[in-house]
Amino acid sequence: MFHEFGHALHSMFSEVEYPSLGGNIPRDFVEFPSQFNEHWRDDPNVFARYARHYKTGAPMPPDLVARLRNAATFNQGYALTEYLAAAELDMRWHILPADAPLQAPDAFEKSRSR
Ligand SMILES: [Zn+2]
C-alpha cells in the first residue's frame with residue numbers, strides 16, 4: 001500500500017502536458033518516490049495507527065512487532081549471494097568472444113563456477 005501510494009503521489013504531483021501512468025520517467029528514478037514512501041510503513045507512530053486487530057482495534061503485540069521486524073532480514077545473505085552469482089555468470093556470458101560457439105547454459109554455468 002505504501003509503495004503504490006508513493007507511485008500515486010508521484011503521479012498526482014507531476015506537472016506534465018500529457019499525463020500517463022508511469023509517464024516518461026527515467027528508470028533510475030521511477031521507483032524513488034514509492035520506495036521513499038515505503039519507509040513510513042515502519043515509522044513507529046505510523047505503524048501504531050494501522051497495525052491493529054481488525055475486530056478489536058487492539059495494537060499489534062510488541063513481541064509480534066519484534067518478530068515481524070526480525071523477519072525483514074531473513075534469508076538476505078542467501079538472496080545477496082544468489083544475486084552476485086547470477087551477476088557474475090552474466091558477466092561471463094558477456095565476455096565471450098562474438099565468434100564463440102553456442103553454449104549450453106547449464107554446462108556453461110558449471111564449467112565456469114569456482
Ligand atoms: Zn514500484
# chains A, B, ... in the order shown; residues from 1 in each chain; ligands from 1
$ select_by_dssp --residues "region 17-54 of chain A" --states "helix (DSSP H, G or I)" --output "number ranges by chain"
A: 27-30, 32-42, 44-50
$ residues_near_ligand --ligand "ligand 1" --cutoff "8 Å" --atoms "only C-alpha atoms and all ligand atoms" --output "ChimeraX atom specification"
/A:3-4,7,30-31,34-35
$ atom_distance --atom1 "CA of Arg49 (chain A)" --atom2 "CA of Phe5 (chain A)"
16.8 Å
$ closest_residue --among "A:Gln76, A:Glu38, A:Met1, A:Glu109" --to "Met91 (chain A)" --atoms "only C-alpha atoms"
A:Glu109
$ residues_around --residues "Phe2 (chain A)" --least-positions-apart "2" --cutoff "12 Å" --atoms "only C-alpha atoms" --output "PyMOL selection string"
chain A and resi 4-9+33-43+46-47+50
$ residues_around --residues "Val65 (chain A)" --least-positions-apart "4" --cutoff "12 Å" --atoms "only C-alpha atoms" --output "ChimeraX atom specification"
/A:42,44,47-48,51-52,59-61,69-72
$ atom_distance --atom1 "CA of Ala86 (chain A)" --atom2 "CA of Asp106 (chain A)"
12.6 Å
$ atom_distance --atom1 "CA of Trp93 (chain A)" --atom2 "CA of Pro105 (chain A)"
9.5 Å
